[in-house]
Amino acid sequence: MSEINSQVQRVSGTGLPLRGDDIDTDRIIPARFLRCVTFDGLGEYAFVDDRTQLNGEHPFDQAQYQGAKLLVVNRNFGCGSSREHAPQAIARWGIGAIVGESFAEIFFSNCVAIGIPCVTASHEDVLALQGAIEANPSASVSLDLVNLTAAIGDLTITVTMKEGPRQAFLSGMWDSCGQLVSQGEAVQATAGRLPYLAWA
Amino acid sequence: MSQGTLFDKVWDLHTVATLPSGQTQLFVGLHLIHEVTSPQAFAMLRERGLKVPFPQRTVATVDHIVPTQLQQRQRPFIDSLAEDMIVALEQSCQEFGIRFYNIGSGKQGIVHVIAPEQGLTQPGMTIACGDSHTSTHGAFGAISFGIGTSQVRDVLASQTLAMTKPKVRRVEVNGDLRPGVYAKDVVLHIIRKLGVKGGVGYAYEYAGTTFEAMSMEERMTVCNMSIEGGARCGYVNPDPITFDYLQGREFAPKGADWDAAVAWWTSVRSDADAEYDDVVVFDAADIEPTVTWGITPGQGIGVTETIPTVDELDEGDRSIAKEAYDYMQLAPGQAIAGTKVDVCFIGSCTNGRISDLREAAKVAQGRQVVEGITAFVVPGSESVKQAAEAEGLHEIFKAAGFEWREAGCSMCLAMNPDKLQGNQISASSSNRNFKGRQGSASGRTLLMSPAMVAAAAVTGTVTDVRELL
Ligand code: SF4
């Protein structure tokens, strides 16, 4: 069985500020692009309707943010559906980590499942980080999951992440599939004490 | 931390192990899959050479991509991408031995409609599905949540999930709902008050006399939209209304098992002295027929109210409100009643059940859809359609000028031929009013109860349904 795990302790690269609260998964990847049986090629459709509307002025299209690795967002990012197509599209566009004020839960756990850390920071710090990237788009942003900081130039902000997922990234065990499968006996034991399995 | 709640009891019973990351490995009692979020999961299984150890605990159907016009349901579908998706699901189910309710089986429908109606959804279970509205099943006192595709893979491969236990908030609503106020209005009201991210980190326990008086279908409507309030799951403690609904359904326990089941289901209810991490209380008398005016489900108001101005909103809600005025082309201060609509959609996993169709039919009966409006009714499942036809509801709708369709998700998210055009505005009984949600990048959605959608169809504008009852 192949495992695709690897430790994620630091992510660095240029940043991409995407301002706005409540950016939902239908905006990240509209439903018509869910008509697929593979995630390949989804990257080019990330935010496609917003981008079309802004006619080249969307940060995902702007020249200064091409090749960016760290996405910086605001409140309740990724709300809406459970579609993993959303983080897959963002990841396949090239993003390796996301800093935001808050994330919708399913989006967050989908990101964990595919190895994209999402960390949160205060409203003021996120705005400062977005501003610093806009002022200097070619500067490298570095996210440090060991010390829980994100830094660009002189600016260093404190970030937070739930301890479980954080340990999963640090130890390289964010892909839980292998661990879950290896518990076969304990799973059978749990199944054995569930009354409803016997009624079926 | 909460203790003695249904959530705690069910969580503990299904806990397999604590993972090195500190997360819980949780057994999944019922796994539901559909064509959109499962093909890649099966591909990952094949890639890793994994098997499905509990194939009988997964049930599949097809709902998102299916056309709702009879002639378009012939295979192969005209849309070759949709055809690829259904073929992928058919093949995977066959390969791994998974039960599949296909089109024409009499049991196909929106996944969150069919599992309860087949009696698959039961109290005390853990339920997962690659779909955020899995929260619906909490109406039975199950712990049910939406998951992503990699987690669908995990459940297929191990029948378990890695989860972090949420906190539990008791959302209490007491009193009788006033006439013309429905379960949909209750949940839109809760989301309006607690916000679209108010539930992040929580499971919602819906309690109080309002929920106790609700039918199972009404409870499903409420639990369905827990996710719109940011909560990953919501539930109602099981009671005799739950048991009555289940009795006699295909997968419900039978004979001696039935008595044992009722006893066990009763035992998983939250204890009277259960501790909650948070409690909020609402009064049913404060709830009006509610309509959303914006681009998040939290942007709702009573039908007699006006669209809030920036000054009336909390600081944190202002920027999204400005975005909403602009996108919706609705002005702050304007009354929501009287807003002209182009399309009226009755259906979805929120409000596509028989009782929803009955309430809408009461309003439609003897009236006519205003000329120029496209109005259509999409039963949530083949069996809802059959039941509605047995009662003659389809005749009422057709006589009033509504189209009567086949089961599926339809215009709730428009991954099928049902889509808004341009900046059309729809009155919709579905659950999301996000930008572009109904298939047009500039399409606009007003969420409301099915009876309110019917009222909009026969008057041409957003109308207080109480005037028509
Ligand atoms: S009806 Fe809408 S919300 Fe429900 S499962 Fe289908 S697409 Fe999702």
# chains A, B, ... in the order shown; residues from 1 in each chain; ligands from 1
call {"tool": "closest_atom_pairs", "arguments": {"of": "chain A", "to": "ligand 1", "cutoff": "12 Å", "atoms": "only C-alpha atoms and all ligand atoms", "output": "CSV"}}
result
residue,atom,partner,partner_atom_place_in_ligand_line,distance
A:Asp26,CA,ligand 1,7 (S),11.2
A:Ala31,CA,ligand 1,7 (S),9.2
A:Arg32,CA,ligand 1,7 (S),11.7
A:Leu34,CA,ligand 1,7 (S),11.4
A:Gly80,CA,ligand 1,3 (S),9.4
A:Ser81,CA,ligand 1,8 (Fe),7.6
A:Ser82,CA,ligand 1,8 (Fe),9.3
A:Arg83,CA,ligand 1,8 (Fe),10.1
call {"tool": "residues_around", "arguments": {"residues": "stretch 277-291 of chain B", "least_positions_apart": "5", "cutoff": "8 Å", "atoms": "only C-alpha atoms", "output": "ChimeraX atom specification"}}
result
/B:1-2,167-178,180-182,185-186,188-189,210,300-303,336,446-449,452,464-465
call {"tool": "select_by_dssp", "arguments": {"residues": "stretch 275-395 of chain B", "states": "helix (DSSP H, G or I)", "output": "ChimeraX atom specification"}}
result
/B:284-286,310-312,315-328,348-351,354-364,382-391,393-395
call {"tool": "select_by_dssp", "arguments": {"residues": "stretch 71-197 of chain A", "states": "strand (DSSP E or B)", "output": "ChimeraX atom specification"}}
result
/A:71-72,77,79,97-100,103,118-120,140-144,149-152,155-158,160
call {"tool": "interface_residues", "arguments": {"of": "chain B", "to": "chain A", "cutoff": "6 Å", "atoms": "only C-alpha atoms", "output": "mmCIF file with N, CA and C atoms, in the first residue's frame"}}
result
data_model
loop_
_atom_site.group_PDB
_atom_site.id
_atom_site.type_symbol
_atom_site.label_atom_id
_atom_site.label_comp_id
_atom_site.auth_asym_id
_atom_site.auth_seq_id
_atom_site.Cartn_x
_atom_site.Cartn_y
_atom_site.Cartn_z
ATOM 1 N N VAL B 16 -13.275 4.158 18.124
ATOM 2 C CA VAL B 16 -12.436 2.978 17.901
ATOM 3 C C VAL B 16 -11.106 3.155 18.615
ATOM 4 N N SER B 21 -2.406 11.760 16.264
ATOM 5 C CA SER B 21 -2.612 13.215 16.152
ATOM 6 C C SER B 21 -3.509 13.743 17.261
ATOM 7 N N GLY B 22 -4.122 12.826 18.036
ATOM 8 C CA GLY B 22 -5.053 13.257 19.070
ATOM 9 C C GLY B 22 -6.498 13.204 18.594
ATOM 10 N N GLN B 23 -6.699 13.017 17.290
ATOM 11 C CA GLN B 23 -8.062 12.909 16.781
ATOM 12 C C GLN B 23 -8.650 11.551 17.155
ATOM 13 N N PRO B 39 -16.447 9.258 -7.063
ATOM 14 C CA PRO B 39 -15.611 8.587 -8.067
ATOM 15 C C PRO B 39 -14.118 8.676 -7.748
ATOM 16 N N GLN B 40 -13.677 9.869 -7.289
ATOM 17 C CA GLN B 40 -12.251 10.021 -6.989
ATOM 18 C C GLN B 40 -11.860 9.173 -5.790
ATOM 19 N N ARG B 48 -4.423 2.492 -4.223
ATOM 20 C CA ARG B 48 -3.721 1.981 -3.042
ATOM 21 C C ARG B 48 -3.996 0.504 -2.789
ATOM 22 N N LEU B 81 -20.430 14.188 -19.715
ATOM 23 C CA LEU B 81 -19.732 14.227 -18.424
ATOM 24 C C LEU B 81 -20.609 13.608 -17.345
ATOM 25 N N ASP B 131 -21.188 14.923 1.463
ATOM 26 C CA ASP B 131 -22.174 15.943 1.142
ATOM 27 C C ASP B 131 -22.503 16.700 2.428
ATOM 28 N N SER B 132 -22.426 18.007 2.371
ATOM 29 C CA SER B 132 -22.542 18.772 3.613
ATOM 30 C C SER B 132 -23.920 18.670 4.257
ATOM 31 N N ILE B 147 -18.576 14.965 4.707
ATOM 32 C CA ILE B 147 -17.133 14.742 4.637
ATOM 33 C C ILE B 147 -16.658 14.990 3.205
ATOM 34 N N GLY B 148 -15.359 15.129 3.044
ATOM 35 C CA GLY B 148 -14.780 15.325 1.717
ATOM 36 C C GLY B 148 -14.423 13.992 1.080
ATOM 37 N N THR B 149 -13.938 14.077 -0.137
ATOM 38 C CA THR B 149 -13.683 12.857 -0.906
ATOM 39 C C THR B 149 -12.592 11.974 -0.288
ATOM 40 N N ASP B 154 -11.529 7.089 3.119
ATOM 41 C CA ASP B 154 -11.218 6.515 4.435
ATOM 42 C C ASP B 154 -12.366 5.633 4.933
ATOM 43 N N SER B 158 -12.041 1.699 5.619
ATOM 44 C CA SER B 158 -11.899 1.290 7.023
ATOM 45 C C SER B 158 -13.202 1.357 7.815
ATOM 46 N N PRO B 253 -35.738 -2.083 12.146
ATOM 47 C CA PRO B 253 -35.756 -3.382 12.819
ATOM 48 C C PRO B 253 -37.188 -3.932 12.907
ATOM 49 N N MET B 415 -26.327 21.245 -11.315
ATOM 50 C CA MET B 415 -25.286 20.454 -11.989
ATOM 51 C C MET B 415 -25.923 19.623 -13.085
#
call {"tool": "residues_around", "arguments": {"residues": "B:Ala183", "least_positions_apart": "3", "cutoff": "7 Å", "atoms": "only C-alpha atoms", "output": "NGL selection string"}}
result
:B and (186-187 or 218 or 221-222)
call {"tool": "residues_around", "arguments": {"residues": "A:Ser138", "least_positions_apart": "6", "cutoff": "12 Å", "atoms": "only C-alpha atoms", "output": "mmCIF file with all heavy atoms, in the first residue's frame"}}
result
data_model
loop_
_atom_site.group_PDB
_atom_site.id
_atom_site.type_symbol
_atom_site.label_atom_id
_atom_site.label_comp_id
_atom_site.auth_asym_id
_atom_site.auth_seq_id
_atom_site.Cartn_x
_atom_site.Cartn_y
_atom_site.Cartn_z
ATOM 1 N N GLY A 13 6.898 30.783 0.247
ATOM 2 C CA GLY A 13 6.749 31.177 -1.149
ATOM 3 C C GLY A 13 6.083 32.535 -1.165
ATOM 4 O O GLY A 13 5.819 33.105 -0.105
ATOM 5 N N THR A 14 5.783 33.035 -2.347
ATOM 6 C CA THR A 14 5.138 34.348 -2.369
ATOM 7 C C THR A 14 3.683 34.208 -1.935
ATOM 8 O O THR A 14 3.105 33.124 -1.964
ATOM 9 C CB THR A 14 5.232 34.986 -3.764
ATOM 10 O OG1 THR A 14 4.678 34.084 -4.714
ATOM 11 C CG2 THR A 14 6.677 35.307 -4.132
ATOM 12 N N GLY A 15 3.116 35.357 -1.554
ATOM 13 C CA GLY A 15 1.759 35.340 -1.009
ATOM 14 C C GLY A 15 0.722 35.817 -2.010
ATOM 15 O O GLY A 15 1.049 36.384 -3.056
ATOM 16 N N LEU A 16 -0.542 35.537 -1.667
ATOM 17 C CA LEU A 16 -1.657 35.967 -2.509
ATOM 18 C C LEU A 16 -2.797 36.386 -1.585
ATOM 19 O O LEU A 16 -3.398 35.546 -0.931
ATOM 20 C CB LEU A 16 -2.092 34.817 -3.427
ATOM 21 C CG LEU A 16 -3.059 35.100 -4.573
ATOM 22 C CD1 LEU A 16 -3.053 33.948 -5.563
ATOM 23 C CD2 LEU A 16 -4.462 35.375 -4.111
ATOM 24 N N ALA A 63 -0.795 39.486 -12.503
ATOM 25 C CA ALA A 63 0.558 39.025 -12.813
ATOM 26 C C ALA A 63 1.419 38.892 -11.561
ATOM 27 O O ALA A 63 2.175 37.926 -11.416
ATOM 28 C CB ALA A 63 1.210 40.001 -13.794
ATOM 29 N N GLN A 64 1.273 39.858 -10.638
ATOM 30 C CA GLN A 64 2.189 39.857 -9.485
ATOM 31 C C GLN A 64 1.985 38.662 -8.555
ATOM 32 O O GLN A 64 2.832 38.374 -7.728
ATOM 33 C CB GLN A 64 2.078 41.180 -8.703
ATOM 34 C CG GLN A 64 0.764 41.447 -7.988
ATOM 35 C CD GLN A 64 -0.258 42.195 -8.835
ATOM 36 O OE1 GLN A 64 -0.349 41.983 -10.042
ATOM 37 N NE2 GLN A 64 -1.041 43.056 -8.196
ATOM 38 N N TYR A 65 0.832 37.976 -8.679
ATOM 39 C CA TYR A 65 0.574 36.863 -7.755
ATOM 40 C C TYR A 65 0.734 35.491 -8.402
ATOM 41 O O TYR A 65 0.454 34.474 -7.769
ATOM 42 C CB TYR A 65 -0.830 36.995 -7.149
ATOM 43 C CG TYR A 65 -1.011 38.275 -6.373
ATOM 44 C CD1 TYR A 65 -2.069 39.137 -6.643
ATOM 45 C CD2 TYR A 65 -0.101 38.635 -5.373
ATOM 46 C CE1 TYR A 65 -2.233 40.320 -5.937
ATOM 47 C CE2 TYR A 65 -0.245 39.819 -4.666
ATOM 48 C CZ TYR A 65 -1.311 40.657 -4.950
ATOM 49 O OH TYR A 65 -1.458 41.829 -4.248
ATOM 50 N N GLN A 66 1.159 35.469 -9.648
ATOM 51 C CA GLN A 66 1.323 34.164 -10.290
ATOM 52 C C GLN A 66 2.446 33.395 -9.585
ATOM 53 O O GLN A 66 3.472 33.980 -9.225
ATOM 54 C CB GLN A 66 1.604 34.325 -11.794
ATOM 55 C CG GLN A 66 0.450 35.008 -12.538
ATOM 56 C CD GLN A 66 -0.914 34.384 -12.237
ATOM 57 O OE1 GLN A 66 -1.117 33.203 -12.482
ATOM 58 N NE2 GLN A 66 -1.832 35.172 -11.672
ATOM 59 N N GLY A 67 2.236 32.129 -9.395
ATOM 60 C CA GLY A 67 3.238 31.302 -8.713
ATOM 61 C C GLY A 67 3.169 31.389 -7.199
ATOM 62 O O GLY A 67 4.010 30.820 -6.498
ATOM 63 N N ALA A 68 2.162 32.087 -6.660
ATOM 64 C CA ALA A 68 2.069 32.242 -5.207
ATOM 65 C C ALA A 68 1.816 30.897 -4.533
ATOM 66 O O ALA A 68 1.214 29.989 -5.105
ATOM 67 C CB ALA A 68 0.956 33.222 -4.849
ATOM 68 N N LYS A 69 2.276 30.807 -3.296
ATOM 69 C CA LYS A 69 2.186 29.556 -2.537
ATOM 70 C C LYS A 69 1.281 29.701 -1.322
ATOM 71 O O LYS A 69 0.659 28.758 -0.876
ATOM 72 C CB LYS A 69 3.618 29.214 -2.072
ATOM 73 C CG LYS A 69 3.828 27.804 -1.608
ATOM 74 C CD LYS A 69 4.247 26.919 -2.758
ATOM 75 C CE LYS A 69 4.074 25.464 -2.398
ATOM 76 N NZ LYS A 69 5.311 24.775 -2.156
ATOM 77 N N ALA A 132 0.875 43.788 3.600
ATOM 78 C CA ALA A 132 2.310 43.638 3.362
ATOM 79 C C ALA A 132 2.571 42.909 2.046
ATOM 80 O O ALA A 132 3.501 43.244 1.305
ATOM 81 C CB ALA A 132 2.960 42.887 4.523
ATOM 82 N N ILE A 152 6.609 37.974 6.788
ATOM 83 C CA ILE A 152 7.011 38.540 5.505
ATOM 84 C C ILE A 152 7.798 39.797 5.843
ATOM 85 O O ILE A 152 7.328 40.639 6.614
ATOM 86 C CB ILE A 152 5.802 38.843 4.592
ATOM 87 C CG1 ILE A 152 6.241 39.572 3.317
ATOM 88 C CG2 ILE A 152 4.725 39.635 5.315
ATOM 89 C CD1 ILE A 152 5.135 39.730 2.271
ATOM 90 N N GLY A 153 9.000 39.922 5.300
ATOM 91 C CA GLY A 153 9.839 41.084 5.607
ATOM 92 C C GLY A 153 9.959 41.274 7.110
ATOM 93 O O GLY A 153 10.271 40.338 7.848
#
call {"tool": "atom_distance", "arguments": {"atom1": "atom CA of B:Cys93", "atom2": "atom CA of B:Ser430"}}
result
28.8 Å
